[in-house]
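This is work.cif. It holds mmCIF, C-alpha atoms.
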data_final
loop_
_atom_site.group_PDB
_atom_site.id
_atom_site.type_symbol
_atom_site.label_atom_id
_atom_site.label_comp_id
_atom_site.auth_asym_id
_atom_site.auth_seq_id
_atom_site.Cartn_x
_atom_site.Cartn_y
_atom_site.Cartn_z
ATOM 1 C CA MET A 1429 -127.667 62.656 -155.032
ATOM 2 C CA GLU A 1430 -127.188 64.727 -158.161
ATOM 3 C CA GLN A 1431 -130.209 63.155 -159.806
ATOM 4 C CA ASN A 1432 -132.633 63.346 -156.946
ATOM 5 C CA GLU A 1433 -132.525 66.507 -155.006
ATOM 6 C CA SER A 1434 -135.825 66.260 -153.173
ATOM 7 C CA THR A 1435 -135.496 66.552 -149.422
ATOM 8 C CA HIS A 1436 -137.358 63.271 -149.215
ATOM 9 C CA THR A 1437 -134.654 61.433 -151.100
ATOM 10 C CA LYS A 1438 -132.499 59.310 -148.872
ATOM 11 C CA CYS A 1439 -129.396 61.270 -149.657
ATOM 12 C CA PRO A 1440 -126.582 59.875 -147.447
ATOM 13 C CA ILE A 1441 -125.840 63.352 -146.066
ATOM 14 C CA GLU A 1442 -129.475 63.731 -145.038
ATOM 15 C CA LYS A 1443 -129.434 60.285 -143.465
ATOM 16 C CA THR A 1444 -126.405 61.240 -141.395
ATOM 17 C CA MET A 1445 -127.809 64.606 -140.421
ATOM 18 C CA SER A 1446 -131.065 62.949 -139.359
ATOM 19 C CA VAL A 1447 -129.021 60.914 -136.859
ATOM 20 C CA ILE A 1448 -126.602 63.517 -135.504
ATOM 21 C CA GLY A 1449 -128.238 66.842 -136.305
ATOM 22 C CA GLY A 1450 -130.416 67.320 -133.232
ATOM 23 C CA LYS A 1451 -129.484 70.029 -130.761
ATOM 24 C CA TRP A 1452 -128.587 67.715 -127.908
ATOM 25 C CA THR A 1453 -127.889 64.614 -129.947
ATOM 26 C CA PHE A 1454 -124.489 65.638 -131.291
ATOM 27 C CA LEU A 1455 -123.493 66.907 -127.840
ATOM 28 C CA ILE A 1456 -124.336 63.525 -126.285
ATOM 29 C CA ILE A 1457 -122.301 61.739 -128.969
ATOM 30 C CA ARG A 1458 -119.437 64.180 -128.414
ATOM 31 C CA GLU A 1459 -119.396 63.338 -124.687
ATOM 32 C CA LEU A 1460 -119.283 59.618 -125.408
ATOM 33 C CA PHE A 1461 -116.217 59.877 -127.647
ATOM 34 C CA TYR A 1462 -114.270 60.664 -124.490
ATOM 35 C CA LYS A 1463 -115.501 57.708 -122.498
ATOM 36 C CA THR A 1464 -118.404 55.642 -121.235
ATOM 37 C CA ARG A 1465 -120.754 57.735 -119.128
ATOM 38 C CA ARG A 1466 -123.497 57.265 -116.597
ATOM 39 C CA PHE A 1467 -126.799 59.081 -116.974
ATOM 40 C CA GLY A 1468 -125.994 61.552 -114.202
ATOM 41 C CA GLU A 1469 -122.594 62.333 -115.701
ATOM 42 C CA LEU A 1470 -124.182 63.144 -119.050
ATOM 43 C CA GLU A 1471 -126.795 65.278 -117.340
ATOM 44 C CA ARG A 1472 -124.109 67.302 -115.555
ATOM 45 C CA SER A 1473 -121.984 67.676 -118.708
ATOM 46 C CA LEU A 1474 -124.879 68.869 -120.847
ATOM 47 C CA LYS A 1475 -125.880 71.863 -118.821
ATOM 48 C CA GLY A 1476 -129.481 72.831 -119.366
ATOM 49 C CA ILE A 1477 -130.768 69.488 -120.641
ATOM 50 C CA SER A 1478 -133.805 68.114 -118.820
ATOM 51 C CA PRO A 1479 -133.667 64.493 -117.619
ATOM 52 C CA ARG A 1480 -136.665 63.769 -119.834
ATOM 53 C CA THR A 1481 -134.980 65.144 -122.958
ATOM 54 C CA LEU A 1482 -131.759 63.316 -122.139
ATOM 55 C CA SER A 1483 -133.695 60.030 -121.739
ATOM 56 C CA LEU A 1484 -135.464 60.564 -125.047
ATOM 57 C CA ARG A 1485 -132.285 61.401 -126.949
ATOM 58 C CA LEU A 1486 -130.448 58.414 -125.427
ATOM 59 C CA LYS A 1487 -133.331 56.121 -126.386
ATOM 60 C CA GLU A 1488 -133.292 57.440 -129.964
ATOM 61 C CA LEU A 1489 -129.540 56.892 -130.195
ATOM 62 C CA GLU A 1490 -129.931 53.393 -128.761
ATOM 63 C CA ASP A 1491 -132.721 52.612 -131.269
ATOM 64 C CA GLU A 1492 -130.399 53.800 -134.026
ATOM 65 C CA SER A 1493 -127.585 51.548 -132.653
ATOM 66 C CA ILE A 1494 -125.323 54.557 -132.145
ATOM 67 C CA ILE A 1495 -124.972 53.933 -128.428
ATOM 68 C CA LYS A 1496 -125.366 50.915 -126.194
ATOM 69 C CA ARG A 1497 -126.802 50.867 -122.712
ATOM 70 C CA GLU A 1498 -125.383 48.506 -120.121
ATOM 71 C CA VAL A 1499 -127.019 47.833 -116.786
ATOM 72 C CA PHE A 1500 -124.705 46.885 -113.923
ATOM 73 C CA SER A 1501 -126.516 44.957 -111.213
ATOM 74 C CA GLU A 1502 -124.411 46.227 -108.372
ATOM 75 C CA ILE A 1503 -125.785 47.807 -105.252
ATOM 76 C CA PRO A 1504 -126.868 50.408 -106.093
ATOM 77 C CA PRO A 1505 -127.388 49.354 -109.733
ATOM 78 C CA HIS A 1506 -126.192 51.718 -112.412
ATOM 79 C CA VAL A 1507 -126.408 52.174 -116.156
ATOM 80 C CA GLU A 1508 -123.573 53.085 -118.498
ATOM 81 C CA TYR A 1509 -123.804 54.478 -122.005
ATOM 82 C CA SER A 1510 -121.112 54.043 -124.627
ATOM 83 C CA LEU A 1511 -120.725 54.289 -128.378
ATOM 84 C CA THR A 1512 -121.158 51.220 -130.566
ATOM 85 C CA ASP A 1513 -118.911 50.647 -133.589
ATOM 86 C CA LYS A 1514 -121.519 52.489 -135.641
ATOM 87 C CA GLY A 1515 -121.332 55.408 -133.214
ATOM 88 C CA GLN A 1516 -117.520 55.384 -133.115
ATOM 89 C CA SER A 1517 -117.479 55.538 -136.893
ATOM 90 C CA LEU A 1518 -118.953 59.047 -136.665
ATOM 91 C CA LEU A 1519 -115.557 60.251 -135.426
ATOM 92 C CA PRO A 1520 -114.241 61.480 -138.829
ATOM 93 C CA ILE A 1521 -117.317 63.715 -139.127
ATOM 94 C CA PHE A 1522 -116.807 65.193 -135.677
ATOM 95 C CA ASN A 1523 -113.093 65.638 -136.334
ATOM 96 C CA ALA A 1524 -113.843 67.457 -139.586
ATOM 97 C CA MET A 1525 -116.348 69.688 -137.766
ATOM 98 C CA LYS A 1526 -113.822 70.345 -135.018
ATOM 99 C CA GLU A 1527 -111.157 71.343 -137.524
ATOM 100 C CA TRP A 1528 -113.525 73.638 -139.387
ATOM 101 C CA GLY A 1529 -114.732 75.249 -136.157
ATOM 102 C CA ASN A 1530 -111.142 75.837 -135.065
ATOM 103 C CA THR A 1531 -110.234 77.382 -138.419
ATOM 104 C CA TRP A 1532 -113.089 79.795 -139.031
ATOM 105 C CA ASP A 1533 -114.831 82.512 -137.100
ATOM 106 C CA VAL A 1534 -118.534 82.082 -136.591
ATOM 107 C CA SER A 1535 -120.832 84.882 -135.587
ATOM 108 C CA GLY A 1536 -122.750 82.449 -133.401
ATOM 109 C CA LYS A 1537 -126.289 83.625 -133.088
ATOM 110 C CA ASP A 1538 -127.200 80.680 -130.872
ATOM 111 C CA MET B 682 -113.452 70.953 -125.055
ATOM 112 C CA GLU B 683 -112.684 68.397 -122.352
ATOM 113 C CA GLN B 684 -112.525 71.085 -119.697
ATOM 114 C CA ASN B 685 -115.634 73.006 -120.616
ATOM 115 C CA GLU B 686 -118.555 70.903 -121.524
ATOM 116 C CA SER B 687 -121.339 73.431 -121.120
ATOM 117 C CA THR B 688 -123.488 73.858 -124.186
ATOM 118 C CA HIS B 689 -122.649 77.538 -124.008
ATOM 119 C CA THR B 690 -118.961 76.914 -124.472
ATOM 120 C CA LYS B 691 -117.726 77.763 -127.923
ATOM 121 C CA CYS B 692 -116.705 74.218 -128.636
ATOM 122 C CA PRO B 693 -115.576 74.082 -132.299
ATOM 123 C CA ILE B 694 -118.017 71.263 -133.038
ATOM 124 C CA GLU B 695 -120.876 73.339 -131.675
ATOM 125 C CA LYS B 696 -119.701 76.332 -133.710
ATOM 126 C CA THR B 697 -119.772 74.250 -136.864
ATOM 127 C CA MET B 698 -123.122 72.697 -136.076
ATOM 128 C CA SER B 699 -124.574 76.144 -135.405
ATOM 129 C CA VAL B 700 -123.662 77.061 -138.987
ATOM 130 C CA ILE B 701 -124.631 73.905 -140.882
ATOM 131 C CA GLY B 702 -127.060 72.133 -138.557
ATOM 132 C CA GLY B 703 -130.344 73.733 -139.619
ATOM 133 C CA LYS B 704 -132.864 71.617 -141.493
ATOM 134 C CA TRP B 705 -132.630 73.502 -144.768
ATOM 135 C CA THR B 706 -129.212 75.019 -144.257
ATOM 136 C CA PHE B 707 -127.134 71.924 -144.937
ATOM 137 C CA LEU B 708 -129.323 71.110 -147.940
ATOM 138 C CA ILE B 709 -128.687 74.559 -149.427
ATOM 139 C CA ILE B 710 -124.936 74.144 -148.890
ATOM 140 C CA ARG B 711 -125.105 70.677 -150.438
ATOM 141 C CA GLU B 712 -126.742 72.117 -153.577
ATOM 142 C CA LEU B 713 -124.045 74.775 -153.899
ATOM 143 C CA PHE B 714 -121.187 72.250 -153.847
ATOM 144 C CA TYR B 715 -122.393 71.183 -157.274
ATOM 145 C CA LYS B 716 -122.461 74.631 -158.789
ATOM 146 C CA THR B 717 -123.586 78.239 -158.570
ATOM 147 C CA ARG B 718 -127.349 78.476 -158.398
ATOM 148 C CA ARG B 719 -130.080 81.024 -158.900
ATOM 149 C CA PHE B 720 -132.796 81.493 -156.302
ATOM 150 C CA GLY B 721 -135.426 79.726 -158.409
ATOM 151 C CA GLU B 722 -133.118 76.767 -159.013
ATOM 152 C CA LEU B 723 -132.548 76.358 -155.298
ATOM 153 C CA GLU B 724 -136.268 76.630 -154.648
ATOM 154 C CA ARG B 725 -136.981 73.865 -157.155
ATOM 155 C CA SER B 726 -134.213 71.613 -155.826
ATOM 156 C CA LEU B 727 -135.309 71.949 -152.211
ATOM 157 C CA LYS B 728 -138.811 70.661 -152.556
ATOM 158 C CA GLY B 729 -141.095 71.949 -149.851
ATOM 159 C CA ILE B 730 -139.090 75.013 -148.838
ATOM 160 C CA SER B 731 -141.025 78.274 -148.824
ATOM 161 C CA PRO B 732 -139.496 81.271 -150.639
ATOM 162 C CA ARG B 733 -139.473 83.124 -147.323
ATOM 163 C CA THR B 734 -137.534 80.378 -145.534
ATOM 164 C CA LEU B 735 -135.113 80.052 -148.446
ATOM 165 C CA SER B 736 -134.486 83.825 -148.368
ATOM 166 C CA LEU B 737 -133.873 83.754 -144.628
ATOM 167 C CA ARG B 738 -131.499 80.779 -144.783
ATOM 168 C CA LEU B 739 -129.574 82.344 -147.703
ATOM 169 C CA LYS B 740 -129.277 85.609 -145.783
ATOM 170 C CA GLU B 741 -127.966 83.784 -142.708
ATOM 171 C CA LEU B 742 -125.406 81.936 -144.812
ATOM 172 C CA GLU B 743 -124.378 85.195 -146.479
ATOM 173 C CA ASP B 744 -124.025 86.899 -143.072
ATOM 174 C CA GLU B 745 -121.831 83.996 -141.993
ATOM 175 C CA SER B 746 -119.719 84.369 -145.185
ATOM 176 C CA ILE B 747 -120.517 80.803 -146.240
ATOM 177 C CA ILE B 748 -122.115 81.914 -149.489
ATOM 178 C CA LYS B 749 -121.835 84.953 -151.684
ATOM 179 C CA ARG B 750 -124.634 86.607 -153.602
ATOM 180 C CA GLU B 751 -123.922 88.167 -156.982
ATOM 181 C CA VAL B 752 -126.361 90.387 -158.811
ATOM 182 C CA PHE B 753 -126.153 90.378 -162.609
ATOM 183 C CA SER B 754 -127.604 93.524 -164.135
ATOM 184 C CA GLU B 755 -128.808 91.902 -167.287
ATOM 185 C CA ILE B 756 -132.311 92.173 -168.606
ATOM 186 C CA PRO B 757 -133.970 90.617 -166.751
ATOM 187 C CA PRO B 758 -131.556 90.955 -163.827
ATOM 188 C CA HIS B 759 -130.746 87.824 -161.878
ATOM 189 C CA VAL B 760 -128.965 86.789 -158.705
ATOM 190 C CA GLU B 761 -126.569 83.901 -158.288
ATOM 191 C CA TYR B 762 -125.491 82.197 -155.102
ATOM 192 C CA SER B 763 -122.213 80.353 -154.687
ATOM 193 C CA LEU B 764 -119.969 79.114 -151.908
ATOM 194 C CA THR B 765 -117.126 81.264 -150.608
ATOM 195 C CA ASP B 766 -113.784 79.705 -149.653
ATOM 196 C CA LYS B 767 -115.152 79.385 -146.130
ATOM 197 C CA GLY B 768 -118.177 77.553 -147.510
ATOM 198 C CA GLN B 769 -116.089 75.322 -149.791
ATOM 199 C CA SER B 770 -113.968 74.355 -146.802
ATOM 200 C CA LEU B 771 -117.013 72.561 -145.369
ATOM 201 C CA LEU B 772 -116.543 69.882 -148.037
ATOM 202 C CA PRO B 773 -114.580 67.409 -145.844
ATOM 203 C CA ILE B 774 -117.458 67.442 -143.343
ATOM 204 C CA PHE B 775 -120.037 66.751 -146.030
ATOM 205 C CA ASN B 776 -117.845 64.052 -147.563
ATOM 206 C CA ALA B 777 -117.462 62.371 -144.163
ATOM 207 C CA MET B 778 -121.246 62.566 -143.660
ATOM 208 C CA LYS B 779 -121.824 61.131 -147.136
ATOM 209 C CA GLU B 780 -119.463 58.231 -146.482
ATOM 210 C CA TRP B 781 -121.092 57.453 -143.136
ATOM 211 C CA GLY B 782 -124.579 57.627 -144.640
ATOM 212 C CA ASN B 783 -123.534 55.278 -147.441
ATOM 213 C CA THR B 784 -122.008 52.809 -144.976
ATOM 214 C CA TRP B 785 -124.692 52.491 -142.330
ATOM 215 C CA ASP B 786 -128.399 51.851 -142.233
ATOM 216 C CA VAL B 787 -130.506 54.507 -140.603
ATOM 217 C CA SER B 788 -134.053 53.911 -139.452
ATOM 218 C CA GLY B 789 -134.920 57.418 -140.597
ATOM 219 C CA LYS B 790 -137.769 58.670 -138.505
ATOM 220 C CA ASP B 791 -137.839 61.986 -140.357
#
Exercise: express the given structure as structure tokens:
Amino acid sequence: MEQNESTHTKCPIEKTMSVIGGKWTFLIIRELFYKTRRFGELERSLKGISPRTLSLRLKELEDESIIKREVFSEIPPHVEYSLTDKGQSLLPIFNAMKEWGNTWDVSGKD
Amino acid sequence: MEQNESTHTKCPIEKTMSVIGGKWTFLIIRELFYKTRRFGELERSLKGISPRTLSLRLKELEDESIIKREVFSEIPPHVEYSLTDKGQSLLPIFNAMKEWGNTWDVSGKD
């Protein structure tokens, strides 16, 4: 990292941020630390997200093996999303962010 | 956090992400963990950033008390940027991100 400071370098921090840094992405991951969720539950938790955006973000996270998608062939069928081991291993990052956010004031322009 | 899952809630994770989550922002912070930097040094390290964007991001980080800006009245005068205690306290987050990025493969669409 010290040697190669270009933004195109695959710095591990950049790699991680490319996975979790999106506006909705880290909120979806945060929801799934609590428990497995259905699509509609995620949609209700993440107020303001469009179903299309939620689908896209879930697909990206699935492609990145952060979450897994399970289809239950009941009547009616339903789909559940949960974190994989790779996704669960993001917990120390989220815990560190939680601790920092609880410690410091933020002006919060968003 | 469990009770209030709206994106408008001041969840500590959201607070933190609002400070470090920007594309260039976390890269600027990353540079400053190494050492104090001048504007031109940051510009060269962050290949592709425009001077205007770098100025804006530095100002935001200064407003948020993550970095401090010191003017040295030498000839020629110069300005140095460094992390405050609040900024330094982000280190556990960056270390956790670094460890995760070193552990897992990322498809890296960016």
Inset, instruction - Up to 9 Å from chain A, what residues of chain B turn up? Count only C-alpha atoms and give them as a VMD selection string. - result: chain B and resid 683 685 to 689 691 to 700 702 to 705 707 to 708 711 to 712 715 725 to 729 744 to 746 767 770 to 771 773 to 791
Expected file: the selected residues, C-alpha atoms, as a PDB file, keeping the file's coordinate frame:
ATOM      1  CA  GLU B 683    -112.684  68.397-122.352  1.00  0.00           C
ATOM      2  CA  ASN B 685    -115.634  73.006-120.616  1.00  0.00           C
ATOM      3  CA  GLU B 686    -118.555  70.903-121.524  1.00  0.00           C
ATOM      4  CA  SER B 687    -121.339  73.431-121.120  1.00  0.00           C
ATOM      5  CA  THR B 688    -123.488  73.858-124.186  1.00  0.00           C
ATOM      6  CA  HIS B 689    -122.649  77.538-124.008  1.00  0.00           C
ATOM      7  CA  LYS B 691    -117.726  77.763-127.923  1.00  0.00           C
ATOM      8  CA  CYS B 692    -116.705  74.218-128.636  1.00  0.00           C
ATOM      9  CA  PRO B 693    -115.576  74.082-132.299  1.00  0.00           C
ATOM     10  CA  ILE B 694    -118.017  71.263-133.038  1.00  0.00           C
ATOM     11  CA  GLU B 695    -120.876  73.339-131.675  1.00  0.00           C
ATOM     12  CA  LYS B 696    -119.701  76.332-133.710  1.00  0.00           C
ATOM     13  CA  THR B 697    -119.772  74.250-136.864  1.00  0.00           C
ATOM     14  CA  MET B 698    -123.122  72.697-136.076  1.00  0.00           C
ATOM     15  CA  SER B 699    -124.574  76.144-135.405  1.00  0.00           C
ATOM     16  CA  VAL B 700    -123.662  77.061-138.987  1.00  0.00           C
ATOM     17  CA  GLY B 702    -127.060  72.133-138.557  1.00  0.00           C
ATOM     18  CA  GLY B 703    -130.344  73.733-139.619  1.00  0.00           C
ATOM     19  CA  LYS B 704    -132.864  71.617-141.493  1.00  0.00           C
ATOM     20  CA  TRP B 705    -132.630  73.502-144.768  1.00  0.00           C
ATOM     21  CA  PHE B 707    -127.134  71.924-144.937  1.00  0.00           C
ATOM     22  CA  LEU B 708    -129.323  71.110-147.940  1.00  0.00           C
ATOM     23  CA  ARG B 711    -125.105  70.677-150.438  1.00  0.00           C
ATOM     24  CA  GLU B 712    -126.742  72.117-153.577  1.00  0.00           C
ATOM     25  CA  TYR B 715    -122.393  71.183-157.274  1.00  0.00           C
ATOM     26  CA  ARG B 725    -136.981  73.865-157.155  1.00  0.00           C
ATOM     27  CA  SER B 726    -134.213  71.613-155.826  1.00  0.00           C
ATOM     28  CA  LEU B 727    -135.309  71.949-152.211  1.00  0.00           C
ATOM     29  CA  LYS B 728    -138.811  70.661-152.556  1.00  0.00           C
ATOM     30  CA  GLY B 729    -141.095  71.949-149.851  1.00  0.00           C
ATOM     31  CA  ASP B 744    -124.025  86.899-143.072  1.00  0.00           C
ATOM     32  CA  GLU B 745    -121.831  83.996-141.993  1.00  0.00           C
ATOM     33  CA  SER B 746    -119.719  84.369-145.185  1.00  0.00           C
ATOM     34  CA  LYS B 767    -115.152  79.385-146.130  1.00  0.00           C
ATOM     35  CA  SER B 770    -113.968  74.355-146.802  1.00  0.00           C
ATOM     36  CA  LEU B 771    -117.013  72.561-145.369  1.00  0.00           C
ATOM     37  CA  PRO B 773    -114.580  67.409-145.844  1.00  0.00           C
ATOM     38  CA  ILE B 774    -117.458  67.442-143.343  1.00  0.00           C
ATOM     39  CA  PHE B 775    -120.037  66.751-146.030  1.00  0.00           C
ATOM     40  CA  ASN B 776    -117.845  64.052-147.563  1.00  0.00           C
ATOM     41  CA  ALA B 777    -117.462  62.371-144.163  1.00  0.00           C
ATOM     42  CA  MET B 778    -121.246  62.566-143.660  1.00  0.00           C
ATOM     43  CA  LYS B 779    -121.824  61.131-147.136  1.00  0.00           C
ATOM     44  CA  GLU B 780    -119.463  58.231-146.482  1.00  0.00           C
ATOM     45  CA  TRP B 781    -121.092  57.453-143.136  1.00  0.00           C
ATOM     46  CA  GLY B 782    -124.579  57.627-144.640  1.00  0.00           C
ATOM     47  CA  ASN B 783    -123.534  55.278-147.441  1.00  0.00           C
ATOM     48  CA  THR B 784    -122.008  52.809-144.976  1.00  0.00           C
ATOM     49  CA  TRP B 785    -124.692  52.491-142.330  1.00  0.00           C
ATOM     50  CA  ASP B 786    -128.399  51.851-142.233  1.00  0.00           C
ATOM     51  CA  VAL B 787    -130.506  54.507-140.603  1.00  0.00           C
ATOM     52  CA  SER B 788    -134.053  53.911-139.452  1.00  0.00           C
ATOM     53  CA  GLY B 789    -134.920  57.418-140.597  1.00  0.00           C
ATOM     54  CA  LYS B 790    -137.769  58.670-138.505  1.00  0.00           C
ATOM     55  CA  ASP B 791    -137.839  61.986-140.357  1.00  0.00           C
TER      56      ASP B 791
END
Inset, instruction - In the coordinates of the file, take the point (-129.5, 80.0, -153.0) and a cut-off of 12 Å; then, counting only C-alpha atoms, name each qualifying protein, DNA or RNA residue as number ranges by chain. - result: B: 705-714, 716-727, 730, 732-743, 747-751, 759-764
Inset, instruction - One decimal, Å: what's the distance from CA of Pro757 in chain B over to CA of Gln769 in chain B, could you say? - result: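 CA of Gln769 in chain B lies 29.0 Å from CA of Pro757 in chain B.
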Legend entry - Between CA of Glu755 in chain B and CA of Gly768 in chain B - distance in Å to one decimal: 26.6 Å
